[in-house]
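Visitor: Have a peek at input.cif (mmCIF, C-alpha atoms).
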```cif
data_my_file
loop_
_atom_site.label_atom_id
_atom_site.label_comp_id
_atom_site.auth_asym_id
_atom_site.auth_seq_id
_atom_site.Cartn_x
_atom_site.Cartn_y
_atom_site.Cartn_z
CA MET Z 107 -8.97 150.13 77.73
CA ALA Z 108 -9.53 149.97 81.49
CA ASP Z 109 -8.65 153.65 81.73
CA ASN Z 110 -11.52 154.51 79.44
CA ILE Z 111 -14.23 152.70 81.38
CA LYS Z 112 -16.71 155.04 82.97
CA LYS Z 113 -19.51 154.31 85.37
CA PHE Z 114 -22.89 154.95 83.75
CA LEU Z 115 -26.10 154.94 85.76
CA TYR Z 116 -29.45 155.01 83.98
CA VAL Z 117 -32.14 156.37 86.29
CA ASN Z 118 -35.73 155.17 85.80
CA ARG Z 119 -38.38 157.14 87.72
CA ARG Z 120 -41.51 156.74 85.61
CA ALA Z 121 -44.22 154.12 85.19
CA PRO Z 122 -43.63 151.74 82.27
CA TYR Z 123 -46.55 152.83 80.09
CA GLY Z 124 -48.33 156.12 79.35
CA THR Z 125 -45.12 157.81 78.27
CA ILE Z 126 -42.27 156.58 76.10
CA TYR Z 127 -39.55 157.23 78.73
CA ALA Z 128 -39.26 153.72 80.18
CA LEU Z 129 -39.04 151.95 76.83
CA GLU Z 130 -36.62 154.53 75.44
CA ALA Z 131 -34.39 154.22 78.50
CA LEU Z 132 -34.21 150.45 78.02
CA GLU Z 133 -33.34 150.86 74.34
CA VAL Z 134 -30.59 153.33 75.20
CA VAL Z 135 -29.19 150.89 77.76
CA LEU Z 136 -29.14 148.05 75.20
CA ILE Z 137 -27.47 150.18 72.57
CA GLY Z 138 -25.02 151.69 75.06
CA ALA Z 139 -24.10 148.22 76.32
CA ALA Z 140 -22.05 147.72 73.15
CA PHE Z 141 -19.47 150.23 74.37
CA ASP Z 142 -17.97 148.18 77.22
CA GLN Z 143 -18.70 150.64 80.00
CA ASP Z 144 -19.63 149.92 83.61
CA VAL Z 145 -23.42 150.15 83.33
CA SER Z 146 -26.02 150.00 86.07
CA LEU Z 147 -29.68 150.94 86.34
CA ALA Z 148 -31.61 152.53 89.20
CA PHE Z 149 -35.36 152.27 89.71
CA PHE Z 150 -37.17 154.57 92.09
CA ASP Z 151 -40.41 156.58 92.39
CA ASP Z 152 -42.90 155.12 89.86
CA GLY Z 153 -39.94 153.54 88.02
CA VAL Z 154 -40.24 150.52 90.32
CA PHE Z 155 -43.46 149.60 88.49
CA GLN Z 156 -41.34 148.84 85.40
CA LEU Z 157 -40.06 145.70 87.11
CA THR Z 158 -43.32 144.26 88.39
CA LYS Z 159 -44.16 140.77 87.20
CA GLY Z 160 -47.26 139.68 85.34
CA GLN Z 161 -47.60 142.82 83.22
CA ASN Z 162 -50.34 142.60 80.60
CA THR Z 163 -50.67 145.40 78.06
CA GLU Z 164 -53.26 143.83 75.77
CA GLU Z 165 -56.02 146.30 76.62
CA ILE Z 166 -53.86 149.40 76.09
CA GLY Z 167 -52.53 148.21 72.75
CA VAL Z 168 -48.83 148.70 73.37
CA LYS Z 169 -46.02 146.19 73.54
CA ASN Z 170 -45.27 144.62 76.92
CA PHE Z 171 -41.51 145.14 77.02
CA SER Z 172 -40.99 143.90 80.57
CA PRO Z 173 -39.57 140.52 79.39
CA THR Z 174 -36.68 142.46 77.83
CA PHE Z 175 -35.30 143.31 81.29
CA ARG Z 176 -34.48 139.60 81.60
CA ALA Z 177 -32.25 139.85 78.50
CA LEU Z 178 -30.03 142.52 80.12
CA GLY Z 179 -27.72 139.84 81.53
CA ASP Z 180 -26.91 138.73 77.97
CA TYR Z 181 -25.84 142.33 77.33
CA ASP Z 182 -23.58 142.22 80.42
CA VAL Z 183 -25.83 144.62 82.31
CA THR Z 184 -26.06 142.95 85.70
CA LYS Z 185 -26.71 145.69 88.28
CA LEU Z 186 -30.31 146.84 88.68
CA TYR Z 187 -30.79 148.84 91.89
CA VAL Z 188 -34.32 149.15 93.25
CA GLU Z 189 -35.08 151.61 96.02
CA GLN Z 190 -36.75 150.04 99.06
CA GLU Z 191 -38.60 153.22 100.09
CA SER Z 192 -40.21 153.56 96.64
CA LEU Z 193 -41.47 149.98 96.89
CA ASP Z 194 -42.82 150.61 100.41
CA GLU Z 195 -44.60 153.82 99.39
CA ARG Z 196 -46.42 151.91 96.65
CA GLY Z 197 -47.33 148.87 98.71
CA LEU Z 198 -44.91 146.66 96.78
CA THR Z 199 -42.38 144.12 98.01
CA ALA Z 200 -39.52 142.27 96.32
CA ALA Z 201 -41.98 139.41 95.70
CA ASP Z 202 -43.96 141.65 93.32
CA LEU Z 203 -40.94 142.08 91.03
CA GLN Z 204 -39.96 139.70 88.25
CA GLU Z 205 -36.88 137.59 88.70
CA ILE Z 206 -33.94 138.95 86.72
CA THR Z 207 -30.68 137.04 86.70
CA TYR Z 208 -27.36 136.91 84.89
CA GLU Z 209 -24.75 134.23 84.41
CA ASP Z 210 -21.39 135.04 85.93
CA GLU Z 211 -18.74 134.24 83.35
CA ASP Z 212 -16.02 134.40 86.03
CA ASP Z 213 -17.82 131.95 88.30
CA ASP Z 214 -18.50 128.98 85.97
CA TRP Z 215 -21.63 130.67 84.59
CA ALA Z 216 -23.41 130.52 87.94
CA GLU Z 217 -26.81 132.19 87.79
CA LYS Z 218 -26.99 135.23 90.05
CA PRO Z 219 -29.66 137.84 90.77
CA SER Z 220 -29.35 141.19 88.96
CA LEU Z 221 -31.88 142.99 91.15
CA LYS Z 222 -30.46 144.62 94.24
CA ILE Z 223 -32.83 146.27 96.66
CA VAL Z 224 -31.15 149.22 98.33
CA SER Z 225 -32.19 151.97 100.73
CA ARG Z 226 -32.57 155.58 99.67
CA ALA Z 227 -29.32 156.41 101.48
CA GLU Z 228 -27.45 153.59 99.72
CA LEU Z 229 -28.82 154.67 96.35
CA SER Z 230 -27.66 158.19 97.05
CA ASP Z 231 -24.11 156.89 97.59
CA ILE Z 232 -24.33 154.80 94.41
CA MET Z 233 -25.38 157.89 92.42
CA ALA Z 234 -22.59 159.98 93.91
CA ASP Z 235 -20.09 157.34 92.77
CA GLN Z 236 -20.99 157.57 89.04
CA ASP Z 237 -19.19 159.33 86.20
CA VAL Z 238 -22.38 159.73 84.18
CA VAL Z 239 -26.01 159.73 85.38
CA LEU Z 240 -28.75 159.69 82.74
CA SER Z 241 -32.26 160.31 84.00
CA PHE Z 242 -35.44 159.11 82.29
CA MET T 1351 -42.01 147.92 49.19
CA SER T 1352 -43.15 144.36 49.68
CA TYR T 1353 -42.49 140.65 49.32
CA GLU T 1354 -44.80 138.42 47.29
CA VAL T 1355 -45.52 135.03 48.81
CA ASN T 1356 -48.26 132.58 47.81
CA GLY T 1357 -50.23 135.39 46.20
CA ALA T 1358 -50.07 137.60 49.30
CA THR T 1359 -48.27 140.93 49.52
CA ILE T 1360 -46.20 141.46 52.69
CA GLU T 1361 -44.99 145.01 53.38
CA HIS T 1362 -41.40 145.66 54.44
CA ASP T 1363 -39.34 148.71 55.35
CA GLU T 1364 -36.53 150.25 53.30
CA GLU T 1365 -34.04 147.70 54.66
CA GLY T 1366 -36.22 144.66 54.05
CA TYR T 1367 -37.54 144.02 57.57
CA ILE T 1368 -41.24 143.14 57.51
CA THR T 1369 -43.45 145.76 59.14
CA THR T 1370 -46.07 143.47 60.69
CA LEU T 1371 -44.39 140.73 62.68
CA SER T 1372 -47.45 138.46 62.62
CA ASP T 1373 -47.21 138.31 58.79
CA TRP T 1374 -44.30 135.89 59.08
CA THR T 1375 -44.51 132.35 57.71
CA LYS T 1376 -41.86 129.79 56.75
CA ASP T 1377 -42.67 130.40 53.10
CA LEU T 1378 -42.07 134.11 53.61
CA ALA T 1379 -38.72 133.31 55.26
CA ASP T 1380 -37.68 131.49 52.08
CA VAL T 1381 -38.67 134.51 49.97
CA ILE T 1382 -36.72 136.93 52.21
CA ALA T 1383 -33.73 134.55 52.20
CA LYS T 1384 -33.76 134.49 48.41
CA ALA T 1385 -33.73 138.30 48.32
CA GLU T 1386 -30.76 138.17 50.73
CA GLU T 1387 -29.04 135.56 48.55
CA VAL T 1388 -29.02 133.08 51.42
CA ASP T 1389 -29.62 129.46 50.42
CA MET T 1390 -31.53 128.15 53.45
CA ASN T 1391 -30.49 124.77 54.85
CA SER T 1392 -31.10 123.16 58.24
CA GLU T 1393 -28.23 125.10 59.83
CA HIS T 1394 -29.73 128.42 58.75
CA TRP T 1395 -33.12 127.32 60.04
CA GLU T 1396 -31.59 126.39 63.37
CA VAL T 1397 -30.41 129.99 63.84
CA VAL T 1398 -33.64 131.51 62.53
CA ASN T 1399 -35.71 129.35 64.87
CA PHE T 1400 -33.39 130.20 67.75
CA LEU T 1401 -33.91 133.92 67.08
CA ARG T 1402 -37.67 133.54 66.98
CA ASP T 1403 -37.59 131.72 70.32
CA TYR T 1404 -35.34 134.44 71.76
CA TYR T 1405 -37.75 137.13 70.60
CA GLU T 1406 -40.72 135.22 71.98
CA GLU T 1407 -39.07 135.02 75.37
CA TYR T 1408 -37.47 138.46 75.65
CA GLN T 1409 -39.37 140.60 73.12
CA ILE T 1410 -36.11 141.72 71.59
CA ALA T 1411 -33.95 140.91 68.57
CA PRO T 1412 -30.46 140.50 70.07
CA ALA T 1413 -27.33 142.30 68.91
CA VAL T 1414 -24.83 140.15 67.04
CA ARG T 1415 -22.43 139.57 69.94
CA VAL T 1416 -25.35 138.69 72.20
CA LEU T 1417 -26.73 136.30 69.59
CA ILE T 1418 -23.39 134.53 69.18
CA LYS T 1419 -22.96 134.22 72.95
CA ALA T 1420 -26.47 132.82 73.31
CA VAL T 1421 -25.93 130.34 70.45
CA LYS T 1422 -22.69 129.25 72.07
CA LYS T 1423 -24.51 128.58 75.31
CA SER T 1424 -27.37 126.70 73.68
CA MET T 1425 -25.71 124.89 70.76
CA GLY T 1426 -22.05 124.79 71.79
CA PRO T 1427 -18.85 126.61 70.78
CA GLU T 1428 -18.57 124.92 67.35
CA LYS T 1429 -21.65 126.93 66.32
CA GLY T 1430 -21.48 129.86 68.71
CA ASN T 1431 -18.57 131.61 67.04
CA ASN T 1432 -18.09 134.41 64.53
CA LYS T 1433 -16.73 132.24 61.73
CA TYR T 1434 -19.60 129.74 61.70
CA MET T 1435 -22.27 132.43 61.98
CA TYR T 1436 -20.79 134.68 59.29
CA GLU T 1437 -20.46 131.72 56.93
CA LEU T 1438 -24.19 131.12 57.28
CA PHE T 1439 -25.12 134.81 57.06
CA PRO T 1440 -22.30 136.71 55.30
CA TYR T 1441 -23.93 140.14 55.66
CA GLY T 1442 -24.22 139.85 59.43
CA PRO T 1443 -25.73 136.98 61.41
CA ALA T 1444 -27.99 139.18 63.52
CA LYS T 1445 -29.15 141.53 60.76
CA GLN T 1446 -29.72 138.95 58.05
CA ALA T 1447 -31.06 136.17 60.26
CA CYS T 1448 -33.43 138.59 62.06
CA LYS T 1449 -34.72 139.78 58.71
CA ILE T 1450 -35.36 136.21 57.56
CA ALA T 1451 -36.91 135.39 60.96
CA GLY T 1452 -39.36 138.28 60.49
CA LEU T 1453 -38.08 140.19 63.52
CA PRO T 1454 -37.21 143.89 63.87
CA LYS T 1455 -33.68 145.10 63.28
CA PRO T 1456 -31.51 144.00 66.22
CA THR T 1457 -31.33 146.37 69.17
CA GLY T 1458 -27.81 147.46 69.95
CA CYS T 1459 -26.24 146.67 66.60
CA VAL T 1460 -23.77 149.43 65.83
#
```
Since I need it in another form, could you write the structure as structure tokens?

Guide:
Amino acid sequence: MADNIKKFLYVNRRAPYGTIYALEALEVVLIGAAFDQDVSLAFFDDGVFQLTKGQNTEEIGVKNFSPTFRALGDYDVTKLYVEQESLDERGLTAADLQEITYEDEDDDWAEKPSLKIVSRAELSDIMADQDVVLSF
Amino acid sequence: MSYEVNGATIEHDEEGYITTLSDWTKDLADVIAKAEEVDMNSEHWEVVNFLRDYYEEYQIAPAVRVLIKAVKKSMGPEKGNNKYMYELFPYGPAKQACKIAGLPKPTGCV
């Protein structure tokens, strides 16, 4: 089994609403999570807006799917990389993002943060290290 | 395709999932359960209510393994296991219970 595990990175670069990309990416991640691969997500460019807290979609008449990011831990998806430079360029800080955690089965179910803020250079290394990169 | 409940007609898709989530009522759940040949008791309701709470919080109907893990965490291992859940919902705890709970088909069920 271990030999068959590949590293999948799902890249999110678009704002959450206005196009279907962000929601579709999340659905693909949830479906793909059934296959026991090493899955992580990257958020940069306008993709960082997907993780902002306090989203309200009432006036645009579409579903606010941002709470679903907090279910990723239940699907064993526990690595969400957010690019620092993209936050800076948009006037955002870590405090603007919703809290996303997972429970570590190997550490007595301790609650740990899933969001990891990384620099552009670090993200570049993370991308280079993947077997599969899917961009949305 | 539709369910009839208290004189109202509730539309559902080809698999029996209701199309308008806000149409759901407890009476409708009993009608869907009957169509699924599930005889609802308090243990079924516990799972259905759990799923509705999960959807309310995360806006998602969980896949079966995720559901069972979450039930285990919240109600303990004597309920959060395959055997218990499949005895309650023989045609799949996530699929059948989500249908009765008036939720969409679970995401990530393969």

Visitor: Could you jot down the atom CA of Z:Phe155 to atom CA of Z:Ala121 separation for me, Å, one decimal place?

Guide: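 Distance reported for this atom pair: 5.6 Å.
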
Visitor: For chain T, report every residue with an atom at most 7 Å from chain Z (counting all atoms listed in the file), formatted as a ChimeraX atom specification.

Guide: /T:1407-1410,1416,1457-1458

Visitor: Selection in question (the file shown): the PyMOL selection byres ((chain Z and resi 229-238) around 7). Which residues does it include, as an MDAnalysis selection string?

Guide: chainID Z and resid 112:115 189 224:228 239:240

Visitor: Using the chain letters and numbering of this document, enumerate as a PyMOL selection string the residues selected by the PyMOL selection byres ((chain T and resi 1417) around 10).

Guide: (chain Z and resi 180-181) or (chain T and resi 1397+1400-1401+1404+1411-1416+1418-1423+1430-1431+1435+1443-1444+1456)

Visitor: Restricting the output to C-alpha atoms, write the selected residues as a PDB file, in the coordinates of the input.

Guide:
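Final file, again27.pdb:
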```pdb
ATOM      1  CA  ASP Z 180     -26.910 138.730  77.970  1.00  0.00           C
ATOM      2  CA  TYR Z 181     -25.840 142.330  77.330  1.00  0.00           C
TER       3      TYR Z 181
ATOM      4  CA  VAL T1397     -30.410 129.990  63.840  1.00  0.00           C
ATOM      5  CA  PHE T1400     -33.390 130.200  67.750  1.00  0.00           C
ATOM      6  CA  LEU T1401     -33.910 133.920  67.080  1.00  0.00           C
ATOM      7  CA  TYR T1404     -35.340 134.440  71.760  1.00  0.00           C
ATOM      8  CA  ALA T1411     -33.950 140.910  68.570  1.00  0.00           C
ATOM      9  CA  PRO T1412     -30.460 140.500  70.070  1.00  0.00           C
ATOM     10  CA  ALA T1413     -27.330 142.300  68.910  1.00  0.00           C
ATOM     11  CA  VAL T1414     -24.830 140.150  67.040  1.00  0.00           C
ATOM     12  CA  ARG T1415     -22.430 139.570  69.940  1.00  0.00           C
ATOM     13  CA  VAL T1416     -25.350 138.690  72.200  1.00  0.00           C
ATOM     14  CA  ILE T1418     -23.390 134.530  69.180  1.00  0.00           C
ATOM     15  CA  LYS T1419     -22.960 134.220  72.950  1.00  0.00           C
ATOM     16  CA  ALA T1420     -26.470 132.820  73.310  1.00  0.00           C
ATOM     17  CA  VAL T1421     -25.930 130.340  70.450  1.00  0.00           C
ATOM     18  CA  LYS T1422     -22.690 129.250  72.070  1.00  0.00           C
ATOM     19  CA  LYS T1423     -24.510 128.580  75.310  1.00  0.00           C
ATOM     20  CA  GLY T1430     -21.480 129.860  68.710  1.00  0.00           C
ATOM     21  CA  ASN T1431     -18.570 131.610  67.040  1.00  0.00           C
ATOM     22  CA  MET T1435     -22.270 132.430  61.980  1.00  0.00           C
ATOM     23  CA  PRO T1443     -25.730 136.980  61.410  1.00  0.00           C
ATOM     24  CA  ALA T1444     -27.990 139.180  63.520  1.00  0.00           C
ATOM     25  CA  PRO T1456     -31.510 144.000  66.220  1.00  0.00           C
TER      26      PRO T1456
END
```

Visitor: Separation of atom CA of T:Gly1442 and atom CA of Z:Leu132, in Å?

Guide: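 Atom-to-atom, atom CA of T:Gly1442 and atom CA of Z:Leu132 are spaced 23.6 Å apart.
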
Visitor: Could you state the separation of atom CA of Z:Ser220 and atom CA of Z:Leu186 in Å, given to one decimal place?

Guide: 5.7 Å

Visitor: Could you expand the PyMOL selection byres ((chain Z and resi 207) around 7) into the explicit residues it covers here, written as an NGL selection string?

Guide: :Z and (176 or 179 or 205-206 or 208-209 or 217-220)

Visitor: Restricting the calculation to all atoms listed in the file, which member of Z:Asp202, Z:Gly153, Z:Asn110, Z:Gln190 is positioned closest to Z:Pro122?

Guide: Z:Gly153

Visitor: Atoms are missing here; could stretch 183-195 of chain Z be completed with N, CA and C atoms and written as a CSV table (one decimal), in the frame of the given file?

Guide:
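Saved the output as selection-v1.csv:
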```csv
chain,number,residue,atom,x,y,z
Z,183,VAL,N,-25.3,143.6,81.4
Z,183,VAL,CA,-25.8,144.6,82.3
Z,183,VAL,C,-26.4,143.8,83.5
Z,184,THR,N,-25.7,143.9,84.6
Z,184,THR,CA,-26.1,143.0,85.7
Z,184,THR,C,-26.4,143.6,87.0
Z,185,LYS,N,-26.4,145.0,87.0
Z,185,LYS,CA,-26.7,145.7,88.3
Z,185,LYS,C,-28.0,146.5,88.1
Z,186,LEU,N,-29.1,146.1,88.7
Z,186,LEU,CA,-30.3,146.8,88.7
Z,186,LEU,C,-30.7,147.2,90.1
Z,187,TYR,N,-30.5,148.4,90.5
Z,187,TYR,CA,-30.8,148.8,91.9
Z,187,TYR,C,-32.2,149.3,92.0
Z,188,VAL,N,-32.9,148.8,93.0
Z,188,VAL,CA,-34.3,149.2,93.2
Z,188,VAL,C,-34.4,149.8,94.6
Z,189,GLU,N,-35.0,150.9,94.7
Z,189,GLU,CA,-35.1,151.6,96.0
Z,189,GLU,C,-36.2,151.1,96.9
Z,190,GLN,N,-35.8,150.6,98.1
Z,190,GLN,CA,-36.8,150.0,99.1
Z,190,GLN,C,-37.9,151.0,99.4
Z,191,GLU,N,-37.6,152.3,99.7
Z,191,GLU,CA,-38.6,153.2,100.1
Z,191,GLU,C,-39.7,153.4,99.0
Z,192,SER,N,-39.2,153.4,97.7
Z,192,SER,CA,-40.2,153.6,96.6
Z,192,SER,C,-41.2,152.4,96.6
Z,193,LEU,N,-40.6,151.2,96.8
Z,193,LEU,CA,-41.5,150.0,96.9
Z,193,LEU,C,-42.5,150.1,98.0
Z,194,ASP,N,-42.0,150.5,99.2
Z,194,ASP,CA,-42.8,150.6,100.4
Z,194,ASP,C,-43.9,151.6,100.2
Z,195,GLU,N,-43.6,152.8,99.6
Z,195,GLU,CA,-44.6,153.8,99.4
Z,195,GLU,C,-45.7,153.4,98.4
```
